[in-house]
Amino acid sequence: MYNARLSELFDEIADMLSLDEKSDRRFEVLAYRKAAMTIGSMQEDIGEIYKKEGVDGLMRLPGIGKGISASIREYIETGRMRKYDSLKEKYPIDFNAITRVPGIGAKQAFKLYKALKIRNIEDLKKAIAKHRISKIAGFGEKSENEISKGIMQLESSKGRMPIGTALPEAEALVKRLNESGLVERAAIGGSTRRMKETVGDLDILVTSSHADRVIKFISKLDEVQDVTLSGPTKTTVWLKIGISCDIRVVKDKSFGAALQYFTGNKDHNVKVRQIAIKKGYKLNEYGMFDKKGRNVSGPEEESIYSKLGMDIMDPEMREDLGEVELSIRHKLPRIVQINDIKGDLHVHTDHSDGYNSITEMAEYAKSLGRQYIGITDHTKSEYVAHGMNDAQFRKHFDDIDRANELVKGIRILKSAEIDILKDGSLDLKDSTLEMMDYRLASVHTSLAMSKVDMTRRVITAIESGYVDILAHPTDRIINTRNPIDMDLDKVFQSAHDNNVVLEVDGHPDRMDLNDENIRKAKEYNAKFSISTDSHRTTHLNMMRYGVSTAKRAWVTPEIVINAMDVGRMLKELSG
DNA sequence: GCCGTTTTCGGCCCGACTGTTTTCAGTCG
């Protein structure tokens, strides 16, 4: 896997080029930054792309042209990159680590090196201990303190936070702001609003005519551990849960422009702003202004897009993956919405490792407007999860029959989360499998198999004729466990050939398939089941994470089986 | 260095905040 390393190399090249005093190379710097971003955020291995499609394949990636693709090729072929090596001779600094400290960029890092030979975080810490930073020209007492604090925060944070933790925290902050009586509107922006599976920080937008009081109010919130910076319209705070939060205050008439500005990723925003320029406008977070400086946008986000002749798209789509162009041509797809979801096909109960009973899960699902749920308790190989054997499942199905009698207005379906064993066989007898309305299967054990073996294992299960849904196909746990090594192209092809649906497990620890893999599966005409993998009633609310993940991959409702009525859904599964 | 409804040269988004300046560069998103 070359992505992480190459992304770091290009970021460092950008850092080092920005130090060139003889010529202005800021656009070159920008180009390397963009390439680093592209490669760093890809999940597909760039080495594989090069192996399959050569330099042409590399040049199809956004921000990668002739020069950078040649450097990638050189690095993959030889393990070295001359451009990087020669720059590094001049600047022997660990820019990647040092510039991660808030307030230190390439230039400050170079100053630290020139003055005190600081090359890495360890050197920096030693210099702070001896109070030597504040003596350097361009630094002072305050910056030394800030750097010291920044290093501590860096070391205590666990990197990007899963959306399942970040979103509820952001929602709680918005609620507090709304209850403060100081704001007109408060909204979540940034990657949290785009529902990225992990977020680096929180962005919150507030409209108020008392910005100063809002900023002060925020600094005193229980959730806030420390104020990083604070100006008249913007503040950054470090939250106790271990993530930074930017809060921006604008006037209410700027709400739409500001929300638009703080939602799209960088590339999306740059493109929209370029369109504005072409049409003779200037777009910023305060509004869209014509040549005479008049604000031509309304108070809502939609007015920005409509004024530019574009259709507004859901936040999940605003990542410059073609949505801008389609929006101009009024050809945006109608992607799946939470209200399209009619059932949940991955639900555990206290019959295996869940917390609530069948009827409790059904009642709760009904209260959320679901028309059906599938009970998918574990099978016997999952003994830590109290998996059931064939005899126990037969009794379990009687219990489901009784629950269907008890709870009216929702259909409870018989299923199981069947273990795919090491050889690809399933963990229950065929006769038991035939008693189910549908069958969900997944890999839980022996995760360290070779790619060839794992691919064969999963495909064997898919071809058994007894699998309807492949649950959390890659088996990864965010920030904890890597995806299993498996040839996804082959698995997706086999799933399509055998009418097996792929799950989008919306549990925020899993998000599996993720957005990028869903996009890939769509190329194989996959169908999807968006589910919660619930283990207690309240987990059934996590459907929004799965739906947003599907939205990020532009999934339309026609290919989501649980957006169908129960009859049509079951028919679809039986092929 | 990249890119193209401004197509192979000439642009490349835009603004806030901070610290140490002595009028603004550096950093960040």
# chains A, B, ... in the order shown; residues from 1 in each chain; ligands from 1
>>> interface_residues(of="chain A", to="chain B", cutoff="9 Å", atoms="only C-alpha atoms (C1' of nucleotides)", output="PyMOL selection string")
chain A and resi 27-32+62-68+102-105+107-108+137-140+142-143+229-231+233-235+266+269-271+273-274+283-285
>>> select_by_dssp(residues="stretch 184-220 of chain A", states="strand (DSSP E or B)", output="VMD selection string")
chain A and resid 185 to 189 198 to 199 201 to 207
>>> write_last_selection(atoms="all heavy atoms", output="short mmCIF file (atom, residue, chain, number, x, y, z; two decimals), in the first residue's frame")
data_model
loop_
_atom_site.label_atom_id
_atom_site.label_comp_id
_atom_site.auth_asym_id
_atom_site.auth_seq_id
_atom_site.Cartn_x
_atom_site.Cartn_y
_atom_site.Cartn_z
N ARG A 185 -30.05 31.18 14.27
CA ARG A 185 -29.97 29.81 13.76
C ARG A 185 -28.61 29.23 14.06
O ARG A 185 -27.60 29.94 14.11
CB ARG A 185 -30.18 29.80 12.24
CG ARG A 185 -31.64 30.02 11.87
CD ARG A 185 -31.88 29.62 10.45
NE ARG A 185 -31.74 30.76 9.55
CZ ARG A 185 -32.05 30.71 8.25
NH1 ARG A 185 -32.47 29.59 7.71
NH2 ARG A 185 -31.92 31.78 7.51
N ALA A 186 -28.57 27.92 14.24
CA ALA A 186 -27.31 27.21 14.43
C ALA A 186 -27.36 25.94 13.59
O ALA A 186 -28.41 25.29 13.51
CB ALA A 186 -27.09 26.86 15.89
N ALA A 187 -26.28 25.64 12.93
CA ALA A 187 -26.29 24.46 12.04
C ALA A 187 -24.91 23.82 12.00
O ALA A 187 -23.89 24.48 12.22
CB ALA A 187 -26.71 24.88 10.63
N ILE A 188 -24.93 22.52 11.71
CA ILE A 188 -23.68 21.78 11.58
C ILE A 188 -23.19 21.90 10.14
O ILE A 188 -23.99 21.82 9.21
CB ILE A 188 -23.91 20.29 11.93
CG1 ILE A 188 -24.36 20.17 13.38
CG2 ILE A 188 -22.66 19.46 11.66
CD1 ILE A 188 -24.89 18.79 13.74
N GLY A 189 -21.89 22.08 9.96
CA GLY A 189 -21.31 22.12 8.62
C GLY A 189 -20.17 21.12 8.50
O GLY A 189 -20.06 20.18 9.30
N THR A 198 -15.33 9.39 9.19
CA THR A 198 -14.60 9.97 10.32
C THR A 198 -14.42 11.46 10.04
O THR A 198 -14.37 11.88 8.89
CB THR A 198 -13.20 9.35 10.50
OG1 THR A 198 -12.43 9.59 9.31
CG2 THR A 198 -13.28 7.85 10.75
N VAL A 199 -14.31 12.25 11.10
CA VAL A 199 -14.12 13.68 10.92
C VAL A 199 -12.91 14.15 11.73
O VAL A 199 -12.61 13.62 12.79
CB VAL A 199 -15.37 14.50 11.31
CG1 VAL A 199 -16.57 14.04 10.50
CG2 VAL A 199 -15.67 14.38 12.78
N ASP A 201 -12.41 17.53 12.56
CA ASP A 201 -12.87 18.52 13.53
C ASP A 201 -14.35 18.79 13.28
O ASP A 201 -14.91 18.34 12.29
CB ASP A 201 -12.04 19.81 13.47
CG ASP A 201 -12.20 20.54 12.14
OD1 ASP A 201 -12.92 20.02 11.26
OD2 ASP A 201 -11.62 21.62 11.99
N LEU A 202 -14.98 19.53 14.18
CA LEU A 202 -16.38 19.89 14.01
C LEU A 202 -16.47 21.32 13.50
O LEU A 202 -15.65 22.16 13.87
CB LEU A 202 -17.13 19.78 15.34
CG LEU A 202 -17.07 18.46 16.09
CD1 LEU A 202 -17.91 18.53 17.37
CD2 LEU A 202 -17.54 17.31 15.21
N ASP A 203 -17.46 21.58 12.66
CA ASP A 203 -17.73 22.93 12.19
C ASP A 203 -19.17 23.29 12.52
O ASP A 203 -20.08 22.55 12.15
CB ASP A 203 -17.53 23.02 10.67
CG ASP A 203 -16.08 22.89 10.28
OD1 ASP A 203 -15.33 23.84 10.50
OD2 ASP A 203 -15.71 21.81 9.76
N ILE A 204 -19.34 24.40 13.19
CA ILE A 204 -20.69 24.83 13.53
C ILE A 204 -20.87 26.27 13.09
O ILE A 204 -19.99 27.12 13.29
CB ILE A 204 -20.96 24.66 15.04
CG1 ILE A 204 -21.02 23.16 15.35
CG2 ILE A 204 -22.27 25.34 15.44
CD1 ILE A 204 -21.17 22.83 16.80
N LEU A 205 -22.01 26.50 12.44
CA LEU A 205 -22.33 27.84 11.94
C LEU A 205 -23.47 28.41 12.76
O LEU A 205 -24.45 27.72 13.04
CB LEU A 205 -22.75 27.72 10.47
CG LEU A 205 -23.32 28.99 9.85
CD1 LEU A 205 -22.26 30.06 9.73
CD2 LEU A 205 -23.94 28.67 8.50
N VAL A 206 -23.33 29.66 13.13
CA VAL A 206 -24.34 30.31 13.95
C VAL A 206 -24.68 31.65 13.32
O VAL A 206 -23.79 32.34 12.81
CB VAL A 206 -23.78 30.54 15.38
CG1 VAL A 206 -24.70 31.44 16.18
CG2 VAL A 206 -23.57 29.22 16.10
N THR A 207 -25.97 32.01 13.33
CA THR A 207 -26.28 33.38 12.94
C THR A 207 -26.80 34.12 14.17
O THR A 207 -27.57 33.58 14.95
CB THR A 207 -27.35 33.47 11.82
OG1 THR A 207 -28.60 33.00 12.32
CG2 THR A 207 -26.94 32.63 10.63
#
>>> residues_around(residues="stretch 40-46 of chain A", least_positions_apart="6", cutoff="6 Å", atoms="only C-alpha atoms (C1' of nucleotides)", output="mmCIF file with C-alpha atoms, in the first residue's frame")
data_model
loop_
_atom_site.group_PDB
_atom_site.id
_atom_site.type_symbol
_atom_site.label_atom_id
_atom_site.label_comp_id
_atom_site.auth_asym_id
_atom_site.auth_seq_id
_atom_site.Cartn_x
_atom_site.Cartn_y
_atom_site.Cartn_z
ATOM 1 C CA MET A 1 0.000 0.000 0.000
ATOM 2 C CA ASN A 3 -0.974 5.725 -0.598
ATOM 3 C CA ALA A 4 -0.041 6.931 2.876
ATOM 4 C CA SER A 7 0.795 11.334 0.254
#
>>> residues_around(residues="A:Pro162", least_positions_apart="4", cutoff="10 Å", atoms="only C-alpha atoms (C1' of nucleotides)", output="JSON, numbers by chain")
{"A": [166, 167, 192, 195, 196, 197, 198, 199, 200, 478, 479, 508, 509, 510, 511]}
>>> atom_distance(atom1="atom CA of A:Phe255", atom2="atom CA of A:Gly287")
8.4 Å
